[in-house]
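Trainee: One file: model.csv (CSV, C-alpha atoms).
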chain,number,residue,atom,x,y,z
A,1,MET,CA,47.2,139.8,-8.1
A,2,LYS,CA,49.9,141.1,-5.8
A,3,ILE,CA,51.6,138.7,-3.3
A,4,THR,CA,53.4,140.1,-0.3
A,5,GLU,CA,55.6,137.9,2.0
A,6,THR,CA,55.3,138.4,5.7
A,7,SER,CA,58.0,138.2,8.3
A,8,ILE,CA,57.2,134.5,8.7
A,9,LYS,CA,58.2,132.2,5.8
A,10,GLY,CA,55.2,130.8,4.0
A,11,LEU,CA,52.6,133.3,5.3
A,12,LEU,CA,51.5,135.4,2.3
A,13,ILE,CA,49.2,138.3,1.9
A,14,ILE,CA,47.3,138.2,-1.4
A,15,GLU,CA,45.7,141.3,-2.9
A,16,PRO,CA,43.5,140.5,-5.9
A,17,ARG,CA,43.2,142.9,-8.8
A,18,VAL,CA,39.8,144.6,-8.4
A,19,PHE,CA,37.8,146.0,-11.3
A,20,PRO,CA,35.4,148.6,-10.1
A,21,ASP,CA,32.8,150.2,-12.2
A,22,GLY,CA,29.4,152.0,-11.8
A,23,ARG,CA,27.7,148.7,-10.9
A,24,GLY,CA,30.2,147.8,-8.1
A,25,TYR,CA,33.3,145.6,-8.6
A,26,PHE,CA,34.5,142.3,-9.9
A,27,PHE,CA,37.6,140.3,-8.9
A,28,GLU,CA,38.9,136.7,-9.1
A,29,SER,CA,39.1,135.5,-5.6
A,30,TYR,CA,41.0,132.4,-6.7
A,31,SER,CA,42.7,131.2,-9.9
A,32,LYS,CA,44.6,127.9,-9.7
A,33,ALA,CA,46.6,128.9,-12.8
A,34,LYS,CA,47.5,132.3,-11.4
A,35,PHE,CA,48.5,130.9,-8.1
A,36,ALA,CA,50.6,128.2,-9.8
A,37,ASP,CA,52.3,131.0,-11.8
A,38,ALA,CA,53.2,132.6,-8.5
A,39,GLY,CA,54.6,129.3,-7.2
A,40,ILE,CA,51.6,128.4,-5.0
A,41,THR,CA,50.6,124.9,-5.8
A,42,ILE,CA,48.3,124.0,-2.9
A,43,ASP,CA,45.5,121.8,-4.0
A,44,PHE,CA,42.4,123.3,-2.3
A,45,ILE,CA,39.6,120.8,-2.0
A,46,GLN,CA,36.9,122.5,0.1
A,47,ASP,CA,35.4,125.9,0.8
A,48,ASN,CA,34.1,126.8,4.3
A,49,GLN,CA,32.2,129.9,5.5
A,50,SER,CA,31.3,131.3,8.9
A,51,PHE,CA,29.0,134.1,10.1
A,52,SER,CA,30.0,135.8,13.3
A,53,HIS,CA,28.9,138.6,15.6
A,54,LYS,CA,31.2,141.4,16.7
A,55,GLY,CA,33.5,140.2,19.5
A,56,ALA,CA,33.5,136.5,18.4
A,57,ILE,CA,36.9,134.9,18.5
A,58,ARG,CA,37.5,131.6,16.7
A,59,GLY,CA,40.8,129.9,17.3
A,60,LEU,CA,43.6,129.2,17.7
A,61,HIS,CA,43.2,125.9,15.7
A,62,ALA,CA,45.0,123.6,13.4
A,63,GLN,CA,44.6,120.1,11.9
A,64,THR,CA,47.3,117.5,12.2
A,65,ALA,CA,48.4,114.8,9.7
A,66,PRO,CA,46.9,113.1,7.8
A,67,TYR,CA,44.3,115.9,7.8
A,68,ALA,CA,46.7,118.9,8.1
A,69,GLN,CA,45.3,122.0,6.4
A,70,ALA,CA,46.7,125.0,4.5
A,71,LYS,CA,44.1,127.8,4.3
A,72,LEU,CA,43.4,130.7,2.0
A,73,VAL,CA,41.2,133.0,4.1
A,74,ARG,CA,39.2,136.2,3.3
A,75,VAL,CA,36.2,138.2,4.4
A,76,ILE,CA,33.2,138.7,2.2
A,77,GLN,CA,31.4,141.1,4.5
A,78,GLY,CA,32.5,142.8,7.7
A,79,ARG,CA,35.9,142.9,9.3
A,80,VAL,CA,38.3,140.6,11.2
A,81,LEU,CA,41.7,140.6,12.8
A,82,ASP,CA,43.2,137.4,11.4
A,83,VAL,CA,46.0,135.6,13.3
A,84,ALA,CA,48.5,132.9,12.2
A,85,VAL,CA,51.0,131.4,14.8
A,86,ASP,CA,54.0,129.5,13.5
A,87,ALA,CA,53.8,126.0,15.2
A,88,ARG,CA,56.4,124.4,13.0
A,89,LYS,CA,59.1,122.7,15.2
A,90,GLY,CA,62.5,123.8,14.2
A,91,SER,CA,61.3,127.0,12.4
A,92,PRO,CA,63.3,130.1,13.3
A,93,THR,CA,59.9,131.9,13.9
A,94,TYR,CA,58.3,129.1,16.0
A,95,GLY,CA,55.9,130.8,18.4
A,96,LYS,CA,55.8,134.0,16.5
A,97,TYR,CA,52.7,135.3,14.8
A,98,GLU,CA,51.4,137.6,12.2
A,99,THR,CA,48.1,139.5,12.2
A,100,ILE,CA,46.3,141.1,9.3
A,101,GLU,CA,43.0,142.9,9.1
A,102,LEU,CA,40.8,141.4,6.5
A,103,SER,CA,37.6,143.0,5.4
A,104,GLY,CA,34.9,143.0,2.7
A,105,ASP,CA,36.3,146.5,1.8
A,106,ASN,CA,40.0,145.7,1.4
A,107,GLN,CA,39.5,142.2,-0.2
A,108,LEU,CA,42.8,141.0,1.1
A,109,GLN,CA,43.5,137.3,1.5
A,110,PHE,CA,45.8,135.5,3.8
A,111,LEU,CA,47.5,132.3,2.8
A,112,ILE,CA,48.3,130.1,5.8
A,113,PRO,CA,50.4,127.0,5.2
A,114,GLU,CA,50.1,123.7,7.1
A,115,GLY,CA,51.9,123.9,10.5
A,116,PHE,CA,50.3,127.1,11.7
A,117,LEU,CA,47.7,127.7,14.4
A,118,HIS,CA,44.9,130.0,13.0
A,119,GLY,CA,42.2,132.2,14.5
A,120,PHE,CA,40.4,135.4,14.0
A,121,ALA,CA,38.5,138.1,16.0
A,122,THR,CA,35.4,139.5,14.5
A,123,LEU,CA,35.5,143.3,14.6
A,124,GLU,CA,32.1,144.1,13.1
A,125,ASP,CA,28.6,142.5,13.3
A,126,ASN,CA,27.4,140.4,10.5
A,127,THR,CA,30.8,139.3,9.3
A,128,ILE,CA,31.1,136.6,6.7
A,129,PHE,CA,34.4,134.8,6.7
A,130,THR,CA,35.4,132.3,4.1
A,131,TYR,CA,38.3,130.0,3.5
A,132,LYS,CA,39.6,127.3,1.2
A,133,VAL,CA,41.4,124.3,2.7
A,134,ASN,CA,43.5,121.5,1.2
A,135,GLY,CA,42.4,118.9,3.6
A,136,TYR,CA,39.1,117.7,5.1
A,137,TYR,CA,38.2,118.4,8.7
A,138,SER,CA,38.8,115.6,11.3
A,139,LYS,CA,37.8,116.1,14.9
A,140,GLU,CA,40.4,113.5,15.9
A,141,CYS,CA,43.1,115.6,14.2
A,142,GLU,CA,42.1,119.0,15.6
A,143,VAL,CA,44.6,120.7,18.0
A,144,GLY,CA,44.6,124.2,19.4
A,145,VAL,CA,45.9,126.8,21.8
A,146,LYS,CA,44.0,129.1,24.0
A,147,TRP,CA,43.3,132.4,22.3
A,148,ASN,CA,44.4,134.6,25.2
A,149,ASP,CA,47.6,132.7,26.0
A,150,SER,CA,50.0,135.1,27.8
A,151,THR,CA,53.1,133.5,26.3
A,152,LEU,CA,51.9,134.6,22.8
A,153,GLY,CA,50.5,137.9,24.0
A,154,ILE,CA,48.3,138.5,20.9
A,155,ASN,CA,46.3,141.7,20.9
A,156,TRP,CA,43.0,140.7,19.4
A,157,GLY,CA,41.6,144.2,19.3
A,158,ILE,CA,38.7,143.1,21.6
A,159,ALA,CA,38.6,143.5,25.4
A,160,GLU,CA,38.7,140.1,27.0
A,161,GLN,CA,35.4,140.7,28.9
A,162,ASN,CA,33.7,141.4,25.6
A,163,ALA,CA,35.1,138.3,23.7
A,164,ILE,CA,32.6,135.7,22.6
A,165,ILE,CA,34.4,132.3,22.9
A,166,SER,CA,33.1,128.8,22.3
A,167,PRO,CA,33.2,126.3,25.3
A,168,LYS,CA,35.7,124.2,23.2
A,169,ASP,CA,38.1,127.1,22.8
A,170,MET,CA,37.9,128.1,26.5
A,171,VAL,CA,39.6,124.8,27.6
A,172,LEU,CA,42.4,124.7,25.0
A,173,PRO,CA,46.0,124.5,26.5
A,174,GLY,CA,48.5,127.4,26.6
A,175,PHE,CA,51.2,127.6,24.0
A,176,ASN,CA,53.9,126.4,26.5
A,177,GLU,CA,51.7,123.2,27.1
A,178,PHE,CA,51.1,122.6,23.4
A,179,VAL,CA,53.2,119.8,21.9
A,180,SER,CA,53.5,120.7,18.3
A,181,PRO,CA,52.8,117.9,15.8
A,182,PHE,CA,54.3,119.9,13.0
Starting from the file, lay out its structure as structure tokens.
Mentor:
Amino acid sequence: MKITETSIKGLLIIEPRVFPDGRGYFFESYSKAKFADAGITIDFIQDNQSFSHKGAIRGLHAQTAPYAQAKLVRVIQGRVLDVAVDARKGSPTYGKYETIELSGDNQLQFLIPEGFLHGFATLEDNTIFTYKVNGYYSKECEVGVKWNDSTLGINWGIAEQNAIISPKDMVLPGFNEFVSPF
């Protein structure tokens, strides 16, 4: 597997080694031993999966202690623009973000440590998104920032009028109103 650091410390792009043949392909999407050899020792305890229609935007979300979560995200089918915002107080990249296109075709993965807000925009219908987490979900520990916050200025690749947003995400605060617990 190839690991690429982004401009934000801790955010990693992981490219698995893919073995194509006449039947299709095979790859290891996760190997605790190979991650450990690369210095990644996050103890993932749960896998989650979502199905989304084109235009769906999920995020920006995070979990706070004691249920803070690191995530290893990827797309099985379809395509998303994945976004991670540094919400770690004192970080030199606080408020900065990285985006990456993840797809069933490119098989890239994005490792998002604790202390980041995370979200994605679905760029194709019938997209299946999956992620490993190192902490269980707790509604009481969920925080977030509005996806279209003007301070962050994220280009989601979807026109605002075409975005499909949950009622919960529509009422999240802006980044300037967000009091980071990280």
Trainee: Would you kindly identify which residues have an atom no farther than 10 Å from (37.6, 145.0, 0.2), using only C-alpha atoms and the file's own coordinates, and write them out as number ranges by chain?
Mentor: A: 15-16, 18, 25, 74-79, 102-109
Trainee: Counting all atoms listed in the file, which residue out of A:Phe19, A:Phe120, A:Phe178, A:Tyr94 sits closest to Arg58 (chain A)?
Mentor: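 Nearest candidate to Arg58 (chain A) out of A:Phe19, A:Phe120, A:Phe178, A:Tyr94: A:Phe120.
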Trainee: Work out how far apart CA of Asn134 (chain A) and CA of Glu114 (chain A) are and give it in Å to one decimal.
Mentor: 9.1 Å
Trainee: So which one's closest to Leu117 (chain A), A:Gly22, A:Gly39, A:Gly55, A:Pro181? Using all atoms listed in the file, please.
Mentor: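 When distances to Leu117 (chain A) are compared using all atoms listed in the file, the smallest one comes from A:Pro181.
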Trainee: Could you give me, as a PyMOL selection string, the residues that have an atom at most 12 Å away from the point (61.0, 125.3, 16.2) in the coordinates of the file, using only C-alpha atoms?
Mentor: chain A and resi 85-96+115-116+179-182
Trainee: For Ile57 (chain A), which residue out of A:Cys141, A:Ala70, A:Val80, A:Ile14 is the nearest one, using all atoms listed in the file?
Mentor: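 Using all atoms listed in the file, the shortest distance to Ile57 (chain A) belongs to A:Val80.
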Trainee: Rounded to one decimal in Å, what is the spacing between CA of Lys9 (chain A) and CA of Thr127 (chain A)?
Mentor: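 So the answer is 28.5 Å.
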Trainee: Have a look at CA of Arg17 (chain A) and CA of Thr4 (chain A) and let me know their distance in Å, one decimal.
Mentor: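 That distance, rounded to one decimal, is 13.6 Å.
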Trainee: Could you name the residues that touch Phe44 (chain A) at 10 Å or less, counting all atoms listed in the file, but leaving out those on the same chain fewer than 6 positions away, as JSON, numbers by chain?
Mentor: {"A": [32, 69, 70, 71, 72, 131, 132, 133, 134, 135, 136]}
Trainee: Using only C-alpha atoms, which of A:Gly157, A:Gly144, A:Gly174, A:Pro113 sits nearest Ile13 (chain A)?
Mentor: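 Among A:Gly157, A:Gly144, A:Gly174, A:Pro113, it is A:Pro113 that comes nearest to Ile13 (chain A).
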Trainee: Go through A:Ile164, A:Val145, A:Ala36, A:Leu152 one by one, measure the shortest atom-to-atom distance of each to Glu177 (chain A) using all atoms listed in the file, and give the residue with the smallest value.
Mentor: A:Val145
Trainee: Would you fill out region 54-76 of chain A with N, CA, C and O atoms and return it as a PDB file, in the frame of the given file?
Mentor:
ATOM      1  N   LYS A  54      30.066 140.623  16.188  1.00  0.00           N
ATOM      2  CA  LYS A  54      31.200 141.400  16.700  1.00  0.00           C
ATOM      3  C   LYS A  54      31.612 140.838  18.055  1.00  0.00           C
ATOM      4  O   LYS A  54      30.774 140.555  18.904  1.00  0.00           O
ATOM      5  N   GLY A  55      32.918 140.665  18.222  1.00  0.00           N
ATOM      6  CA  GLY A  55      33.500 140.200  19.500  1.00  0.00           C
ATOM      7  C   GLY A  55      33.724 138.662  19.475  1.00  0.00           C
ATOM      8  O   GLY A  55      34.368 138.151  20.389  1.00  0.00           O
ATOM      9  N   ALA A  56      33.254 137.938  18.459  1.00  0.00           N
ATOM     10  CA  ALA A  56      33.500 136.500  18.400  1.00  0.00           C
ATOM     11  C   ALA A  56      34.978 136.257  18.064  1.00  0.00           C
ATOM     12  O   ALA A  56      35.543 136.898  17.184  1.00  0.00           O
ATOM     13  N   ILE A  57      35.578 135.350  18.802  1.00  0.00           N
ATOM     14  CA  ILE A  57      36.900 134.900  18.500  1.00  0.00           C
ATOM     15  C   ILE A  57      36.906 133.431  18.256  1.00  0.00           C
ATOM     16  O   ILE A  57      36.386 132.662  19.062  1.00  0.00           O
ATOM     17  N   ARG A  58      37.442 133.052  17.114  1.00  0.00           N
ATOM     18  CA  ARG A  58      37.500 131.600  16.700  1.00  0.00           C
ATOM     19  C   ARG A  58      38.975 131.258  16.605  1.00  0.00           C
ATOM     20  O   ARG A  58      39.702 131.826  15.821  1.00  0.00           O
ATOM     21  N   GLY A  59      39.389 130.295  17.415  1.00  0.00           N
ATOM     22  CA  GLY A  59      40.800 129.900  17.300  1.00  0.00           C
ATOM     23  C   GLY A  59      41.419 129.883  18.707  1.00  0.00           C
ATOM     24  O   GLY A  59      40.800 130.269  19.680  1.00  0.00           O
ATOM     25  N   LEU A  60      42.597 129.495  18.726  1.00  0.00           N
ATOM     26  CA  LEU A  60      43.600 129.200  17.700  1.00  0.00           C
ATOM     27  C   LEU A  60      43.533 127.687  17.389  1.00  0.00           C
ATOM     28  O   LEU A  60      43.696 126.876  18.293  1.00  0.00           O
ATOM     29  N   HIS A  61      43.353 127.307  16.135  1.00  0.00           N
ATOM     30  CA  HIS A  61      43.200 125.900  15.700  1.00  0.00           C
ATOM     31  C   HIS A  61      44.123 125.499  14.632  1.00  0.00           C
ATOM     32  O   HIS A  61      44.606 126.332  13.880  1.00  0.00           O
ATOM     33  N   ALA A  62      44.311 124.181  14.539  1.00  0.00           N
ATOM     34  CA  ALA A  62      45.000 123.600  13.400  1.00  0.00           C
ATOM     35  C   ALA A  62      44.562 122.133  13.295  1.00  0.00           C
ATOM     36  O   ALA A  62      43.954 121.584  14.221  1.00  0.00           O
ATOM     37  N   GLN A  63      44.844 121.537  12.161  1.00  0.00           N
ATOM     38  CA  GLN A  63      44.600 120.100  11.900  1.00  0.00           C
ATOM     39  C   GLN A  63      45.933 119.428  11.717  1.00  0.00           C
ATOM     40  O   GLN A  63      46.812 119.956  11.043  1.00  0.00           O
ATOM     41  N   THR A  64      46.067 118.243  12.297  1.00  0.00           N
ATOM     42  CA  THR A  64      47.300 117.500  12.200  1.00  0.00           C
ATOM     43  C   THR A  64      47.190 116.447  11.065  1.00  0.00           C
ATOM     44  O   THR A  64      46.101 116.170  10.568  1.00  0.00           O
ATOM     45  N   ALA A  65      48.326 115.860  10.698  1.00  0.00           N
ATOM     46  CA  ALA A  65      48.400 114.800   9.700  1.00  0.00           C
ATOM     47  C   ALA A  65      47.507 113.635  10.149  1.00  0.00           C
ATOM     48  O   ALA A  65      47.460 113.361  11.351  1.00  0.00           O
ATOM     49  N   PRO A  66      46.843 112.960   9.283  1.00  0.00           N
ATOM     50  CA  PRO A  66      46.900 113.100   7.800  1.00  0.00           C
ATOM     51  C   PRO A  66      45.871 114.138   7.291  1.00  0.00           C
ATOM     52  O   PRO A  66      45.652 114.199   6.092  1.00  0.00           O
ATOM     53  N   TYR A  67      45.294 114.943   8.179  1.00  0.00           N
ATOM     54  CA  TYR A  67      44.300 115.900   7.800  1.00  0.00           C
ATOM     55  C   TYR A  67      44.805 117.370   7.962  1.00  0.00           C
ATOM     56  O   TYR A  67      44.009 118.288   8.134  1.00  0.00           O
ATOM     57  N   ALA A  68      46.115 117.556   7.959  1.00  0.00           N
ATOM     58  CA  ALA A  68      46.700 118.900   8.100  1.00  0.00           C
ATOM     59  C   ALA A  68      46.123 119.794   6.990  1.00  0.00           C
ATOM     60  O   ALA A  68      45.860 119.328   5.879  1.00  0.00           O
ATOM     61  N   GLN A  69      45.952 121.077   7.314  1.00  0.00           N
ATOM     62  CA  GLN A  69      45.300 122.000   6.400  1.00  0.00           C
ATOM     63  C   GLN A  69      46.130 123.257   6.136  1.00  0.00           C
ATOM     64  O   GLN A  69      46.574 123.889   7.092  1.00  0.00           O
ATOM     65  N   ALA A  70      46.280 123.619   4.876  1.00  0.00           N
ATOM     66  CA  ALA A  70      46.700 125.000   4.500  1.00  0.00           C
ATOM     67  C   ALA A  70      45.333 125.697   4.269  1.00  0.00           C
ATOM     68  O   ALA A  70      44.329 125.071   3.899  1.00  0.00           O
ATOM     69  N   LYS A  71      45.320 127.023   4.489  1.00  0.00           N
ATOM     70  CA  LYS A  71      44.100 127.800   4.300  1.00  0.00           C
ATOM     71  C   LYS A  71      44.355 129.052   3.528  1.00  0.00           C
ATOM     72  O   LYS A  71      45.387 129.696   3.688  1.00  0.00           O
ATOM     73  N   LEU A  72      43.390 129.401   2.708  1.00  0.00           N
ATOM     74  CA  LEU A  72      43.400 130.700   2.000  1.00  0.00           C
ATOM     75  C   LEU A  72      42.113 131.378   2.555  1.00  0.00           C
ATOM     76  O   LEU A  72      40.993 130.976   2.238  1.00  0.00           O
ATOM     77  N   VAL A  73      42.302 132.419   3.380  1.00  0.00           N
ATOM     78  CA  VAL A  73      41.200 133.000   4.100  1.00  0.00           C
ATOM     79  C   VAL A  73      40.910 134.441   3.583  1.00  0.00           C
ATOM     80  O   VAL A  73      41.821 135.140   3.137  1.00  0.00           O
ATOM     81  N   ARG A  74      39.637 134.844   3.665  1.00  0.00           N
ATOM     82  CA  ARG A  74      39.200 136.200   3.300  1.00  0.00           C
ATOM     83  C   ARG A  74      37.886 136.505   3.930  1.00  0.00           C
ATOM     84  O   ARG A  74      37.192 135.602   4.403  1.00  0.00           O
ATOM     85  N   VAL A  75      37.518 137.765   3.904  1.00  0.00           N
ATOM     86  CA  VAL A  75      36.200 138.200   4.400  1.00  0.00           C
ATOM     87  C   VAL A  75      35.394 138.733   3.280  1.00  0.00           C
ATOM     88  O   VAL A  75      35.854 139.550   2.477  1.00  0.00           O
ATOM     89  N   ILE A  76      34.164 138.261   3.208  1.00  0.00           N
ATOM     90  CA  ILE A  76      33.200 138.700   2.200  1.00  0.00           C
ATOM     91  C   ILE A  76      32.518 139.987   2.650  1.00  0.00           C
ATOM     92  O   ILE A  76      32.336 140.934   1.893  1.00  0.00           O
TER      93      ILE A  76
END
